[in-house]
Amino acid sequence: MTGVIQGGWEFVIAAYTITGIALVVYGISLIVRLKELNKHD
Amino acid sequence: MNRTSNAPYAVLALGVALLLFGSFHGLAVAPAETYMGEVQRIMYVHVPTAWNWMLAVLWAFACAVAFLFTSNMKWDSRMEAGLEVGVLLAFLLCCQGSIWAKPTWGVWWDWDPRLTSVAVLLAASLGIMALRSFVDDPMRRAVWSAVATIIASVDLPIVYYSVKWWNSLHQEQSTPQTVDSVYHLPLRVNAFGVLFVMIGFIWLRTRVAALKLRQETAIPHTYEEAGELA
């Protein structure tokens, strides 16, 4: 036991992937909602 | 300001560009931390998300106060936007923190003061959004949700100071003063990246709220300027 965490790239990739996906999906949802509302405005 | 201007998209694009550069630097250029190793690289998205989530909550709080003082519906649209983007950032904060906690603490979640206070504020924000969807009268909805937002915001200082007030698993705030200088660049660049993305999102979401309100009330011109970030 060295007290040093070995590896861990899978956790890093998971954190960045979830962040990227959430931001992209939310951004797209905003643009879709705006287009829909503008169509009826 | 023009309701159809492309300014929020430009702000969003700047934020994405900064996030891509900062994340590349954090993942490929910055060295691994001595004890946490590669896992510490989660800090470059987790900490900027935390800082900007707090700003989103502060924004919603300020808009709630401004609405109660002015009764101007544009502040209600802005508050709605701040709440929703705050929920997005709080959700991401919990996911990133959970993923970082597993290899470092050995558990995905712990009810320590920092995590609990963030979860409480996330739940409160979701509750306020649910409340808004149940109330049909726009003015009543705006007043109730403004009051609820102000009450929920009391939790924000508890979130911030929780790591100072109580001994807990969560470390103290990571800032350029508390981390080594080799980690500053990706941390700062991503902080501005998330900031610009958040501003772009709030700006666009405010337009959504203002348009919905205008169509809901169906009184042309009454809320013509509602929701525009002056």
# chains A, B, ... in the order shown; residues from 1 in each chain; ligands from 1
call {"tool": "interface_residues", "arguments": {"of": "chain B", "to": "chain A", "cutoff": "10 Å", "atoms": "only C-alpha atoms", "output": "NGL selection string"}}
result
:B and (4 or 9 or 12 or 16 or 19-20 or 23 or 27 or 33-46 or 49 or 85 or 88-89 or 91-93 or 95-104 or 194 or 197-198 or 200-202 or 204-205 or 207-212 or 214-215 or 218 or 220)
call {"tool": "select_by_dssp", "arguments": {"residues": "range 138-230 of chain B", "states": "helix (DSSP H, G or I)", "output": "PyMOL selection string"}}
result
chain B and resi 138-153+155-165+181-217
call {"tool": "write_last_selection", "arguments": {"atoms": "C-alpha atoms", "output": "PDB file, in the first residue's frame"}}
result
ATOM      1  CA  PRO B 138     -48.325  34.101 -14.182  1.00  0.00           C
ATOM      2  CA  MET B 139     -48.194  36.761 -11.450  1.00  0.00           C
ATOM      3  CA  ARG B 140     -49.011  34.339  -8.639  1.00  0.00           C
ATOM      4  CA  ARG B 141     -46.509  31.841 -10.055  1.00  0.00           C
ATOM      5  CA  ALA B 142     -43.818  34.519 -10.197  1.00  0.00           C
ATOM      6  CA  VAL B 143     -44.414  35.717  -6.628  1.00  0.00           C
ATOM      7  CA  TRP B 144     -44.535  32.233  -5.120  1.00  0.00           C
ATOM      8  CA  SER B 145     -41.438  31.020  -6.930  1.00  0.00           C
ATOM      9  CA  ALA B 146     -39.526  34.231  -6.121  1.00  0.00           C
ATOM     10  CA  VAL B 147     -40.249  33.767  -2.410  1.00  0.00           C
ATOM     11  CA  ALA B 148     -39.355  30.053  -2.610  1.00  0.00           C
ATOM     12  CA  THR B 149     -36.111  30.864  -4.448  1.00  0.00           C
ATOM     13  CA  ILE B 150     -35.082  33.363  -1.770  1.00  0.00           C
ATOM     14  CA  ILE B 151     -35.802  30.807   0.977  1.00  0.00           C
ATOM     15  CA  ALA B 152     -33.900  28.056  -0.886  1.00  0.00           C
ATOM     16  CA  SER B 153     -30.912  30.376  -1.427  1.00  0.00           C
ATOM     17  CA  ASP B 155     -28.685  27.059   1.759  1.00  0.00           C
ATOM     18  CA  LEU B 156     -25.979  28.577  -0.488  1.00  0.00           C
ATOM     19  CA  PRO B 157     -23.771  29.997   2.314  1.00  0.00           C
ATOM     20  CA  ILE B 158     -24.191  26.663   4.116  1.00  0.00           C
ATOM     21  CA  VAL B 159     -22.872  24.891   0.999  1.00  0.00           C
ATOM     22  CA  TYR B 160     -19.919  27.292   0.766  1.00  0.00           C
ATOM     23  CA  TYR B 161     -18.905  27.225   4.422  1.00  0.00           C
ATOM     24  CA  SER B 162     -19.821  23.587   5.148  1.00  0.00           C
ATOM     25  CA  VAL B 163     -16.226  22.423   4.597  1.00  0.00           C
ATOM     26  CA  LYS B 164     -14.970  25.075   7.057  1.00  0.00           C
ATOM     27  CA  TRP B 165     -17.667  24.684   9.712  1.00  0.00           C
ATOM     28  CA  SER B 181       0.568  26.519  -9.866  1.00  0.00           C
ATOM     29  CA  VAL B 182       1.008  23.738 -12.470  1.00  0.00           C
ATOM     30  CA  TYR B 183      -2.756  23.112 -12.230  1.00  0.00           C
ATOM     31  CA  HIS B 184      -3.801  26.771 -12.537  1.00  0.00           C
ATOM     32  CA  LEU B 185      -4.129  27.095 -16.313  1.00  0.00           C
ATOM     33  CA  PRO B 186      -6.695  24.324 -17.002  1.00  0.00           C
ATOM     34  CA  LEU B 187      -8.589  25.238 -13.833  1.00  0.00           C
ATOM     35  CA  ARG B 188      -8.870  28.920 -14.782  1.00  0.00           C
ATOM     36  CA  VAL B 189      -9.586  28.329 -18.479  1.00  0.00           C
ATOM     37  CA  ASN B 190     -12.329  25.817 -17.671  1.00  0.00           C
ATOM     38  CA  ALA B 191     -13.761  28.161 -15.030  1.00  0.00           C
ATOM     39  CA  PHE B 192     -14.233  30.837 -17.710  1.00  0.00           C
ATOM     40  CA  GLY B 193     -15.415  28.159 -20.160  1.00  0.00           C
ATOM     41  CA  VAL B 194     -18.217  26.984 -17.858  1.00  0.00           C
ATOM     42  CA  LEU B 195     -18.981  30.637 -17.006  1.00  0.00           C
ATOM     43  CA  PHE B 196     -19.545  31.604 -20.660  1.00  0.00           C
ATOM     44  CA  VAL B 197     -21.506  28.414 -21.372  1.00  0.00           C
ATOM     45  CA  MET B 198     -23.676  29.157 -18.331  1.00  0.00           C
ATOM     46  CA  ILE B 199     -24.272  32.770 -19.434  1.00  0.00           C
ATOM     47  CA  GLY B 200     -25.170  31.590 -22.955  1.00  0.00           C
ATOM     48  CA  PHE B 201     -27.588  29.002 -21.563  1.00  0.00           C
ATOM     49  CA  ILE B 202     -29.237  31.467 -19.156  1.00  0.00           C
ATOM     50  CA  TRP B 203     -29.559  34.012 -21.961  1.00  0.00           C
ATOM     51  CA  LEU B 204     -31.249  31.536 -24.330  1.00  0.00           C
ATOM     52  CA  ARG B 205     -33.404  30.029 -21.560  1.00  0.00           C
ATOM     53  CA  THR B 206     -34.563  33.534 -20.632  1.00  0.00           C
ATOM     54  CA  ARG B 207     -35.770  33.994 -24.203  1.00  0.00           C
ATOM     55  CA  VAL B 208     -37.650  30.691 -23.959  1.00  0.00           C
ATOM     56  CA  ALA B 209     -39.312  31.817 -20.716  1.00  0.00           C
ATOM     57  CA  ALA B 210     -40.203  35.245 -22.128  1.00  0.00           C
ATOM     58  CA  LEU B 211     -41.700  33.769 -25.305  1.00  0.00           C
ATOM     59  CA  LYS B 212     -43.703  31.212 -23.318  1.00  0.00           C
ATOM     60  CA  LEU B 213     -45.013  33.957 -21.076  1.00  0.00           C
ATOM     61  CA  ARG B 214     -45.985  36.121 -24.034  1.00  0.00           C
ATOM     62  CA  GLN B 215     -47.856  33.281 -25.712  1.00  0.00           C
ATOM     63  CA  GLU B 216     -49.438  32.251 -22.411  1.00  0.00           C
ATOM     64  CA  THR B 217     -50.806  35.712 -21.702  1.00  0.00           C
TER      65      THR B 217
END
call {"tool": "atom_distance", "arguments": {"atom1": "CA of Ser133 in chain B", "atom2": "CA of Glu84 in chain B"}}
result
12.6 Å
